[in-house]
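Text of data.cif, listed as mmCIF, C-alpha atoms:
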```
data_input
loop_
_atom_site.group_PDB
_atom_site.id
_atom_site.type_symbol
_atom_site.label_atom_id
_atom_site.label_comp_id
_atom_site.auth_asym_id
_atom_site.auth_seq_id
_atom_site.Cartn_x
_atom_site.Cartn_y
_atom_site.Cartn_z
ATOM 1 C CA MET A 29 -24.300 18.239 -1.090
ATOM 2 C CA ASP A 30 -24.197 14.748 0.418
ATOM 3 C CA TRP A 31 -20.904 13.273 -0.804
ATOM 4 C CA THR A 32 -17.822 11.643 0.702
ATOM 5 C CA SER A 33 -14.107 12.282 0.425
ATOM 6 C CA SER A 34 -13.547 8.925 -1.255
ATOM 7 C CA GLN A 35 -16.102 9.788 -3.922
ATOM 8 C CA LEU A 36 -14.451 13.135 -4.595
ATOM 9 C CA ARG A 37 -11.017 11.500 -4.693
ATOM 10 C CA SER A 38 -12.213 9.004 -7.307
ATOM 11 C CA LEU A 39 -13.441 11.876 -9.459
ATOM 12 C CA VAL A 40 -10.155 13.772 -9.133
ATOM 13 C CA GLU A 41 -8.153 10.676 -10.000
ATOM 14 C CA LEU A 42 -10.277 10.131 -13.087
ATOM 15 C CA THR A 43 -9.083 13.491 -14.422
ATOM 16 C CA ARG A 44 -5.478 12.332 -13.907
ATOM 17 C CA ARG A 45 -5.675 8.746 -15.118
ATOM 18 C CA GLY A 46 -8.423 8.703 -17.705
ATOM 19 C CA THR A 47 -9.943 5.287 -17.040
ATOM 20 C CA ILE A 48 -12.020 3.679 -14.302
ATOM 21 C CA THR A 49 -9.605 0.735 -14.227
ATOM 22 C CA ALA A 50 -6.567 2.964 -13.666
ATOM 23 C CA VAL A 51 -8.376 4.824 -10.876
ATOM 24 C CA ALA A 52 -9.292 1.524 -9.226
ATOM 25 C CA GLN A 53 -5.670 0.338 -9.320
ATOM 26 C CA ALA A 54 -4.386 3.600 -7.855
ATOM 27 C CA LEU A 55 -6.901 3.743 -5.028
ATOM 28 C CA GLY A 56 -7.090 0.047 -4.203
ATOM 29 C CA TYR A 57 -10.737 -0.359 -5.243
ATOM 30 C CA THR A 58 -12.445 -2.529 -7.817
ATOM 31 C CA PRO A 59 -13.562 -0.857 -11.057
ATOM 32 C CA GLY A 60 -17.147 -1.509 -9.964
ATOM 33 C CA GLY A 61 -16.466 0.264 -6.694
ATOM 34 C CA VAL A 62 -15.156 3.357 -8.495
ATOM 35 C CA SER A 63 -18.189 3.373 -10.806
ATOM 36 C CA GLN A 64 -20.478 3.215 -7.773
ATOM 37 C CA GLN A 65 -18.708 6.181 -6.196
ATOM 38 C CA ILE A 66 -19.090 8.268 -9.345
ATOM 39 C CA ALA A 67 -22.740 7.220 -9.595
ATOM 40 C CA ALA A 68 -23.269 8.332 -5.994
ATOM 41 C CA LEU A 69 -21.752 11.712 -6.844
ATOM 42 C CA GLU A 70 -24.104 12.051 -9.810
ATOM 43 C CA LYS A 71 -27.043 11.280 -7.530
ATOM 44 C CA ALA A 72 -25.844 13.830 -4.976
ATOM 45 C CA THR A 73 -25.376 16.584 -7.561
ATOM 46 C CA GLY A 74 -28.294 15.676 -9.784
ATOM 47 C CA MET A 75 -26.017 16.018 -12.829
ATOM 48 C CA GLU A 76 -24.218 13.725 -15.245
ATOM 49 C CA LEU A 77 -20.502 13.780 -14.480
ATOM 50 C CA LEU A 78 -19.362 11.173 -17.019
ATOM 51 C CA GLN A 79 -20.114 10.559 -20.669
ATOM 52 C CA ARG A 80 -19.141 7.577 -22.772
ATOM 53 C CA VAL A 81 -17.002 8.271 -25.840
ATOM 54 C CA GLY A 82 -16.508 5.039 -27.749
ATOM 55 C CA ARG A 83 -15.085 2.559 -25.246
ATOM 56 C CA ARG A 84 -13.820 5.263 -22.938
ATOM 57 C CA VAL A 85 -15.467 7.579 -20.465
ATOM 58 C CA GLU A 86 -14.829 11.289 -20.203
ATOM 59 C CA LEU A 87 -15.861 13.879 -17.660
ATOM 60 C CA THR A 88 -18.641 16.201 -18.688
ATOM 61 C CA ASP A 89 -18.294 19.949 -18.169
ATOM 62 C CA ALA A 90 -20.073 19.507 -14.840
ATOM 63 C CA GLY A 91 -17.672 16.693 -13.948
ATOM 64 C CA MET A 92 -14.647 18.858 -14.724
ATOM 65 C CA THR A 93 -16.062 21.717 -12.680
ATOM 66 C CA LEU A 94 -16.696 19.491 -9.681
ATOM 67 C CA ALA A 95 -13.244 17.878 -10.012
ATOM 68 C CA ARG A 96 -11.537 21.276 -9.798
ATOM 69 C CA HIS A 97 -13.464 22.155 -6.663
ATOM 70 C CA ALA A 98 -12.955 18.647 -5.291
ATOM 71 C CA GLU A 99 -9.182 19.171 -5.272
ATOM 72 C CA ARG A 100 -9.624 22.243 -3.091
ATOM 73 C CA ILE A 101 -12.086 20.425 -0.836
ATOM 74 C CA LEU A 102 -9.650 17.550 -0.320
ATOM 75 C CA SER A 103 -6.800 19.973 0.336
ATOM 76 C CA THR A 104 -8.890 21.796 2.941
ATOM 77 C CA GLU A 105 -9.791 18.468 4.502
ATOM 78 C CA ALA A 106 -6.092 17.597 4.794
ATOM 79 C CA GLU A 107 -5.437 20.919 6.519
ATOM 80 C CA ALA A 108 -8.283 20.200 8.931
ATOM 81 C CA VAL A 109 -6.839 16.773 9.746
ATOM 82 C CA GLU A 110 -3.462 18.376 10.483
ATOM 83 C CA ALA A 111 -5.075 21.004 12.729
ATOM 84 C CA LEU A 112 -7.050 18.372 14.635
ATOM 85 C CA GLU A 113 -3.959 16.255 15.164
ATOM 86 C CA ARG A 114 -2.111 19.242 16.574
ATOM 87 C CA SER A 115 -4.986 20.085 18.885
ATOM 88 C CA ARG A 116 -4.805 16.652 20.518
ATOM 89 C CA GLY A 117 -1.447 17.434 22.053
ATOM 90 C CA GLU A 118 -0.287 13.851 21.483
ATOM 91 C CA ILE A 119 0.674 11.596 18.592
ATOM 92 C CA SER A 120 -2.499 9.633 17.882
ATOM 93 C CA GLY A 121 -4.602 8.639 14.923
ATOM 94 C CA VAL A 122 -4.491 6.204 12.013
ATOM 95 C CA LEU A 123 -2.034 6.169 9.108
ATOM 96 C CA LEU A 124 -2.130 3.936 6.023
ATOM 97 C CA VAL A 125 1.293 3.059 4.618
ATOM 98 C CA GLY A 126 1.955 1.674 1.150
ATOM 99 C CA LEU A 127 5.021 -0.522 0.745
ATOM 100 C CA PHE A 128 6.686 -3.090 -1.477
ATOM 101 C CA ALA A 129 7.413 -6.687 -0.515
ATOM 102 C CA THR A 130 11.037 -6.340 0.596
ATOM 103 C CA ALA A 131 10.230 -3.348 2.794
ATOM 104 C CA ALA A 132 7.270 -5.234 4.247
ATOM 105 C CA ALA A 133 9.558 -8.076 5.255
ATOM 106 C CA GLU A 134 12.593 -6.137 6.462
ATOM 107 C CA ILE A 135 11.563 -2.624 7.554
ATOM 108 C CA LEU A 136 7.899 -2.712 8.575
ATOM 109 C CA PRO A 137 8.067 -5.208 11.488
ATOM 110 C CA LEU A 138 10.700 -3.257 13.427
ATOM 111 C CA ALA A 139 9.032 0.062 12.555
ATOM 112 C CA LEU A 140 5.702 -1.154 13.953
ATOM 113 C CA GLN A 141 7.384 -2.320 17.141
ATOM 114 C CA ARG A 142 8.987 1.076 17.656
ATOM 115 C CA VAL A 143 5.745 2.908 16.919
ATOM 116 C CA ARG A 144 3.929 0.859 19.563
ATOM 117 C CA GLU A 145 6.632 1.691 22.097
ATOM 118 C CA ALA A 146 7.030 5.399 21.319
ATOM 119 C CA HIS A 147 3.510 6.327 20.167
ATOM 120 C CA PRO A 148 0.918 3.865 21.524
ATOM 121 C CA GLY A 149 -1.908 6.112 20.298
ATOM 122 C CA LEU A 150 -0.753 5.871 16.664
ATOM 123 C CA ALA A 151 -2.251 3.010 14.640
ATOM 124 C CA VAL A 152 -0.331 2.136 11.478
ATOM 125 C CA HIS A 153 -2.082 0.069 8.799
ATOM 126 C CA SER A 154 -0.240 -1.157 5.700
ATOM 127 C CA ARG A 155 -1.005 -2.057 2.112
ATOM 128 C CA ASP A 156 1.323 -4.176 -0.021
ATOM 129 C CA MET A 157 1.657 -2.884 -3.585
ATOM 130 C CA ASP A 158 3.904 -2.857 -6.619
ATOM 131 C CA VAL A 159 6.866 -0.629 -5.851
ATOM 132 C CA ASP A 160 6.341 1.472 -8.981
ATOM 133 C CA GLU A 161 2.766 2.254 -7.892
ATOM 134 C CA VAL A 162 3.515 3.723 -4.466
ATOM 135 C CA TYR A 163 4.124 7.261 -5.747
ATOM 136 C CA ASP A 164 0.746 7.443 -7.465
ATOM 137 C CA ALA A 165 -0.880 5.939 -4.390
ATOM 138 C CA VAL A 166 0.494 8.740 -2.206
ATOM 139 C CA ALA A 167 -0.369 11.435 -4.739
ATOM 140 C CA SER A 168 -3.951 10.185 -5.010
ATOM 141 C CA GLY A 169 -4.444 9.983 -1.253
ATOM 142 C CA ALA A 170 -4.952 6.221 -1.373
ATOM 143 C CA VAL A 171 -2.238 5.958 1.306
ATOM 144 C CA ASP A 172 -0.831 8.569 3.689
ATOM 145 C CA LEU A 173 2.786 7.745 2.959
ATOM 146 C CA ALA A 174 4.779 4.962 1.354
ATOM 147 C CA LEU A 175 8.132 3.256 1.235
ATOM 148 C CA GLY A 176 9.531 3.215 -2.277
ATOM 149 C CA LEU A 177 12.676 2.923 -4.370
ATOM 150 C CA ASP A 178 14.530 5.556 -6.335
ATOM 151 C CA TYR A 179 17.355 4.867 -8.796
ATOM 152 C CA PRO A 180 20.005 7.506 -9.621
ATOM 153 C CA ASP A 181 20.134 6.172 -13.205
ATOM 154 C CA VAL A 182 16.334 6.427 -13.594
ATOM 155 C CA PRO A 183 15.104 8.875 -10.940
ATOM 156 C CA ILE A 184 11.454 9.216 -10.002
ATOM 157 C CA PRO A 185 9.835 12.217 -11.740
ATOM 158 C CA ARG A 186 9.661 14.877 -9.037
ATOM 159 C CA ASP A 187 6.159 16.139 -8.304
ATOM 160 C CA PRO A 188 5.928 19.375 -6.273
ATOM 161 C CA ALA A 189 2.957 17.833 -4.461
ATOM 162 C CA LEU A 190 5.131 14.985 -3.140
ATOM 163 C CA ARG A 191 8.094 14.877 -0.795
ATOM 164 C CA VAL A 192 10.606 12.118 -1.500
ATOM 165 C CA MET A 193 13.026 11.628 1.413
ATOM 166 C CA GLN A 194 15.961 9.239 1.115
ATOM 167 C CA LEU A 195 16.302 6.827 4.019
ATOM 168 C CA TYR A 196 19.457 5.074 2.856
ATOM 169 C CA GLY A 197 21.232 3.792 -0.220
ATOM 170 C CA GLU A 198 22.239 0.315 -1.344
ATOM 171 C CA ARG A 199 24.851 -0.684 -3.859
ATOM 172 C CA PHE A 200 24.108 -3.568 -6.223
ATOM 173 C CA SER A 201 26.252 -6.678 -6.527
ATOM 174 C CA LEU A 202 25.874 -9.524 -9.001
ATOM 175 C CA ALA A 203 24.259 -12.818 -7.965
ATOM 176 C CA VAL A 204 25.689 -15.691 -9.997
ATOM 177 C CA PRO A 205 25.145 -19.461 -9.813
ATOM 178 C CA THR A 206 27.727 -21.226 -7.670
ATOM 179 C CA GLY A 207 30.957 -21.909 -9.536
ATOM 180 C CA TRP A 208 30.128 -19.821 -12.600
ATOM 181 C CA MET A 209 33.094 -17.489 -12.158
ATOM 182 C CA ASP A 210 36.270 -16.918 -10.215
ATOM 183 C CA GLY A 211 37.205 -13.788 -8.327
ATOM 184 C CA GLU A 212 35.392 -11.421 -5.996
ATOM 185 C CA GLU A 213 34.736 -8.599 -8.473
ATOM 186 C CA ILE A 214 33.356 -8.301 -11.988
ATOM 187 C CA SER A 215 32.592 -5.537 -14.462
ATOM 188 C CA LEU A 216 29.207 -5.318 -16.134
ATOM 189 C CA ALA A 217 31.118 -5.360 -19.412
ATOM 190 C CA ASP A 218 32.167 -8.929 -18.621
ATOM 191 C CA THR A 219 28.553 -10.169 -18.431
ATOM 192 C CA GLN A 220 28.015 -9.847 -22.184
ATOM 193 C CA ASN A 221 27.675 -13.606 -22.702
ATOM 194 C CA LEU A 222 25.681 -14.365 -19.554
ATOM 195 C CA VAL A 223 21.943 -14.952 -19.304
ATOM 196 C CA TRP A 224 20.204 -12.259 -17.224
ATOM 197 C CA ILE A 225 17.120 -12.363 -15.003
ATOM 198 C CA LEU A 226 15.583 -8.901 -14.600
ATOM 199 C CA PRO A 227 12.243 -7.148 -14.255
ATOM 200 C CA SER A 228 10.631 -5.666 -17.355
ATOM 201 C CA ALA A 229 12.242 -2.673 -19.014
ATOM 202 C CA ASP A 230 9.002 -0.837 -18.229
ATOM 203 C CA SER A 231 9.887 -0.874 -14.512
ATOM 204 C CA TYR A 232 12.225 1.616 -12.838
ATOM 205 C CA TYR A 233 14.448 -1.230 -11.640
ATOM 206 C CA GLY A 234 14.567 -2.885 -15.038
ATOM 207 C CA ARG A 235 15.437 0.398 -16.758
ATOM 208 C CA ALA A 236 18.082 1.288 -14.163
ATOM 209 C CA VAL A 237 20.052 -1.959 -14.581
ATOM 210 C CA ARG A 238 19.794 -1.861 -18.364
ATOM 211 C CA THR A 239 21.014 1.757 -18.329
ATOM 212 C CA ALA A 240 24.040 0.790 -16.212
ATOM 213 C CA CYS A 241 24.838 -2.097 -18.556
ATOM 214 C CA ARG A 242 24.620 0.131 -21.627
ATOM 215 C CA ARG A 243 26.894 2.661 -19.967
ATOM 216 C CA ALA A 244 29.384 -0.201 -19.586
ATOM 217 C CA GLY A 245 29.025 -0.945 -23.302
ATOM 218 C CA ILE A 246 26.815 -4.029 -23.308
ATOM 219 C CA GLU A 247 23.175 -4.953 -23.782
ATOM 220 C CA PRO A 248 22.136 -7.506 -21.119
ATOM 221 C CA ASP A 249 20.744 -10.746 -22.535
ATOM 222 C CA VAL A 250 17.517 -10.769 -20.510
ATOM 223 C CA GLN A 251 15.900 -14.140 -21.149
ATOM 224 C CA HIS A 252 13.714 -14.154 -18.036
ATOM 225 C CA GLU A 253 11.664 -11.100 -17.047
ATOM 226 C CA VAL A 254 10.761 -11.603 -13.385
ATOM 227 C CA THR A 255 9.422 -9.024 -10.961
ATOM 228 C CA ASP A 256 9.378 -11.045 -7.736
ATOM 229 C CA THR A 257 12.729 -10.879 -5.907
ATOM 230 C CA ALA A 258 12.394 -14.281 -4.231
ATOM 231 C CA ALA A 259 11.634 -15.903 -7.586
ATOM 232 C CA THR A 260 14.663 -14.207 -9.138
ATOM 233 C CA LEU A 261 16.949 -15.506 -6.388
ATOM 234 C CA ALA A 262 15.522 -18.997 -6.841
ATOM 235 C CA LEU A 263 16.314 -18.899 -10.567
ATOM 236 C CA VAL A 264 19.888 -17.803 -9.906
ATOM 237 C CA GLU A 265 20.259 -20.591 -7.358
ATOM 238 C CA ALA A 266 18.989 -23.073 -9.980
ATOM 239 C CA GLY A 267 21.744 -22.003 -12.374
ATOM 240 C CA ILE A 268 19.437 -20.266 -14.861
ATOM 241 C CA GLY A 269 21.238 -16.923 -15.018
ATOM 242 C CA VAL A 270 22.563 -13.880 -13.165
ATOM 243 C CA SER A 271 20.882 -10.880 -11.600
ATOM 244 C CA THR A 272 21.705 -7.802 -9.567
ATOM 245 C CA VAL A 273 21.106 -7.937 -5.809
ATOM 246 C CA THR A 274 21.468 -5.760 -2.728
ATOM 247 C CA ASN A 275 21.914 -6.704 0.924
ATOM 248 C CA LEU A 276 18.223 -6.032 1.574
ATOM 249 C CA MET A 277 17.188 -8.290 -1.295
ATOM 250 C CA LEU A 278 19.482 -11.079 -0.097
ATOM 251 C CA ARG A 279 17.840 -11.076 3.322
ATOM 252 C CA LEU A 280 14.476 -11.793 1.725
ATOM 253 C CA ARG A 281 15.298 -15.432 0.953
ATOM 254 C CA ALA A 282 18.022 -17.795 2.095
ATOM 255 C CA SER A 283 19.800 -18.789 -1.119
ATOM 256 C CA ARG A 284 22.857 -20.706 -2.249
ATOM 257 C CA PHE A 285 24.769 -18.850 -4.956
ATOM 258 C CA ASP A 286 27.804 -16.584 -5.235
ATOM 259 C CA VAL A 287 27.615 -12.831 -4.764
ATOM 260 C CA VAL A 288 30.269 -10.884 -6.667
ATOM 261 C CA ARG A 289 31.043 -7.177 -6.280
ATOM 262 C CA LEU A 290 30.386 -4.993 -9.308
ATOM 263 C CA ARG A 291 33.260 -2.786 -10.390
ATOM 264 C CA GLU A 292 30.756 -0.140 -11.459
ATOM 265 C CA SER A 293 28.718 1.734 -8.873
ATOM 266 C CA VAL A 294 25.054 0.847 -9.436
ATOM 267 C CA GLU A 295 22.755 2.000 -6.637
ATOM 268 C CA ARG A 296 19.209 2.276 -5.460
ATOM 269 C CA HIS A 297 17.786 4.449 -2.695
ATOM 270 C CA ILE A 298 15.103 3.375 -0.236
ATOM 271 C CA VAL A 299 12.844 6.401 0.176
ATOM 272 C CA VAL A 300 9.771 7.449 2.098
ATOM 273 C CA VAL A 301 7.175 9.353 0.078
ATOM 274 C CA PHE A 302 4.453 11.593 1.470
ATOM 275 C CA ARG A 303 2.418 14.549 0.323
ATOM 276 C CA SER A 304 4.138 17.891 0.827
ATOM 277 C CA SER A 305 0.938 19.181 2.418
ATOM 278 C CA ALA A 306 1.178 16.443 5.082
ATOM 279 C CA GLU A 307 4.730 17.178 6.130
ATOM 280 C CA ARG A 308 3.562 19.092 9.215
ATOM 281 C CA ARG A 309 1.082 16.446 10.354
ATOM 282 C CA PRO A 310 2.318 15.193 13.744
ATOM 283 C CA THR A 311 1.459 11.562 12.935
ATOM 284 C CA VAL A 312 3.238 11.639 9.570
ATOM 285 C CA ALA A 313 6.301 13.357 11.038
ATOM 286 C CA ALA A 314 6.434 10.818 13.876
ATOM 287 C CA LEU A 315 6.253 7.815 11.546
ATOM 288 C CA VAL A 316 8.864 9.298 9.198
ATOM 289 C CA ASP A 317 11.208 9.726 12.188
ATOM 290 C CA VAL A 318 10.685 6.082 13.150
ATOM 291 C CA LEU A 319 11.323 4.902 9.594
ATOM 292 C CA ARG A 320 14.513 6.945 9.414
ATOM 293 C CA ALA A 321 15.740 5.402 12.673
ATOM 294 C CA VAL A 322 14.919 1.875 11.510
ATOM 295 C CA ALA A 323 16.468 2.440 8.103
ATOM 296 C CA GLY A 324 19.663 3.743 9.694
ATOM 297 C CA ALA A 325 20.253 0.330 11.224
ATOM 298 C CA ARG A 326 19.819 -1.308 7.794
ATOM 299 C CA ARG A 327 22.464 0.678 5.914
ATOM 300 C CA ASP A 328 24.991 -1.160 3.791
ATOM 301 C CA PRO A 329 28.462 -1.195 5.331
ATOM 302 C CA PRO A 330 31.078 0.942 3.513
ATOM 303 C CA ARG A 331 32.699 -0.835 0.561
#
```

Structure rendered as structure tokens:
Amino acid sequence: MDWTSSQLRSLVELTRRGTITAVAQALGYTPGGVSQQIAALEKATGMELLQRVGRRVELTDAGMTLARHAERILSTEAEAVEALERSRGEISGVLLVGLFATAAAEILPLALQRVREAHPGLAVHSRDMDVDEVYDAVASGAVDLALGLDYPDVPIPRDPALRVMQLYGERFSLAVPTGWMDGEEISLADTQNLVWILPSADSYYGRAVRTACRRAGIEPDVQHEVTDTAATLALVEAGIGVSTVTNLMLRLRASRFDVVRLRESVERHIVVVFRSSAERRPTVAALVDVLRAVAGARRDPPR
């Protein structure tokens, strides 16, 4: 059969996500691009793989059969890539890394410098994405590995197919407009009457902070749901409200506001995510080692 790995991956992802749009978001394609890949598979097999049910599409029996075999084909392909890398006797090849904005600004530049110095034959390409999407991107094969965030209060669902390795942890403080409060420490319980700026409760970050606040006995008054960190810091600086911040977040944008320690321990972990099957790939192992070394230099000082 004349098909490609990307076509097979689109079919497999359709079984997981259910819609062409969701597959496109996970793999970094347009919906039209995914439809073209499925159409090419139908041409190669001479069979209908999708059927329309109302406004949705579903895999036909032939589509489900091919999807099951496609998973094994892709797994075998990954094993072949690992074997070929080992046969080279050197760290060389191309890796695609998914990462969120803060990691792109603070971790990636130094990591790329170190890769060039230690492994000149290794080319690292990157793709900026929403931090909550990086796990699906790794699982789908859209990227080889990714930098992500994990929150002890709302941990990432653990998938046996993925390896989640902690690089380092950060403790949250509270960013408050200049002059809003006295003292160097505050309890979340004391923010009851303050306006909050946070991401949506649908996000891991948004849920984690809300969970910590509820544990302290309050419901944060979130009047501004903002995902972008730089925008959040700008709003705090403008005196609009308060938000949680870490050292890494503060380095993203020079801002003028007060940073107050939280009495409660609220943390997030910067993690690297890769497929368990890729753990023995020399290129993946080499890049993970570099990321661990770079992350070690970024750790928060003891409090």

Selection result of the PyMOL selection byres ((chain A and resi 302) around 8) on this file, as a PyMOL selection string: chain A and resi 166-167+172-174+190-192+300-301+303-304+306-307

Within 6 Å of region 267-279 of chain A, which residues of region 92-204 of chain A show up? Give each one with its shortest atom-to-atom distance in Å (one decimal) and the two atoms involved, counting only C-alpha atoms, rows by chain then rising residue number, as CSV.
```
residue,atom,partner,partner_atom,distance
A:Phe200,CA,A:Thr274,CA,4.9
A:Ser201,CA,A:Val273,CA,5.3
A:Leu202,CA,A:Thr272,CA,4.5
A:Ala203,CA,A:Ser271,CA,5.3
A:Val204,CA,A:Val270,CA,4.8
```

How would you write, as JSON, numbers by chain, the residues chosen by the PyMOL selection byres ((chain A and resi 97-101) around 12) on this structure? {"A": [31, 32, 33, 34, 35, 36, 37, 38, 39, 40, 41, 42, 43, 44, 69, 90, 91, 92, 93, 94, 95, 96, 102, 103, 104, 105, 106, 107, 108, 167, 168, 169]}

Would you export the selected residues with C-alpha atoms as a CSV table (one decimal), keeping the file's coordinate frame, please?
```
chain,number,residue,atom,x,y,z
A,31,TRP,CA,-20.9,13.3,-0.8
A,32,THR,CA,-17.8,11.6,0.7
A,33,SER,CA,-14.1,12.3,0.4
A,34,SER,CA,-13.5,8.9,-1.3
A,35,GLN,CA,-16.1,9.8,-3.9
A,36,LEU,CA,-14.5,13.1,-4.6
A,37,ARG,CA,-11.0,11.5,-4.7
A,38,SER,CA,-12.2,9.0,-7.3
A,39,LEU,CA,-13.4,11.9,-9.5
A,40,VAL,CA,-10.2,13.8,-9.1
A,41,GLU,CA,-8.2,10.7,-10.0
A,42,LEU,CA,-10.3,10.1,-13.1
A,43,THR,CA,-9.1,13.5,-14.4
A,44,ARG,CA,-5.5,12.3,-13.9
A,69,LEU,CA,-21.8,11.7,-6.8
A,90,ALA,CA,-20.1,19.5,-14.8
A,91,GLY,CA,-17.7,16.7,-13.9
A,92,MET,CA,-14.6,18.9,-14.7
A,93,THR,CA,-16.1,21.7,-12.7
A,94,LEU,CA,-16.7,19.5,-9.7
A,95,ALA,CA,-13.2,17.9,-10.0
A,96,ARG,CA,-11.5,21.3,-9.8
A,102,LEU,CA,-9.6,17.6,-0.3
A,103,SER,CA,-6.8,20.0,0.3
A,104,THR,CA,-8.9,21.8,2.9
A,105,GLU,CA,-9.8,18.5,4.5
A,106,ALA,CA,-6.1,17.6,4.8
A,107,GLU,CA,-5.4,20.9,6.5
A,108,ALA,CA,-8.3,20.2,8.9
A,167,ALA,CA,-0.4,11.4,-4.7
A,168,SER,CA,-4.0,10.2,-5.0
A,169,GLY,CA,-4.4,10.0,-1.3
```

Box dimensions and centre (Å, one decimal) enclosing region 177-195 of chain A, axis-aligned, 3 Å extra per side, as lines of an AutoDock Vina configuration file:
```
center_x = 11.5
center_y = 11.1
center_z = -4.8
size_x = 23.2
size_y = 22.5
size_z = 23.6
```

Evaluate the PyMOL selection byres ((chain A and resi 113) around 12) and report residues as a VMD selection string: chain A and resid 106 to 112 114 to 123 149 to 150 306 308 to 314

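Nearest residue to Leu261 (chain A) among A:Leu226, A:Leu77, A:Leu290, A:Ala132 is A:Leu226, counting all atoms listed in the file.
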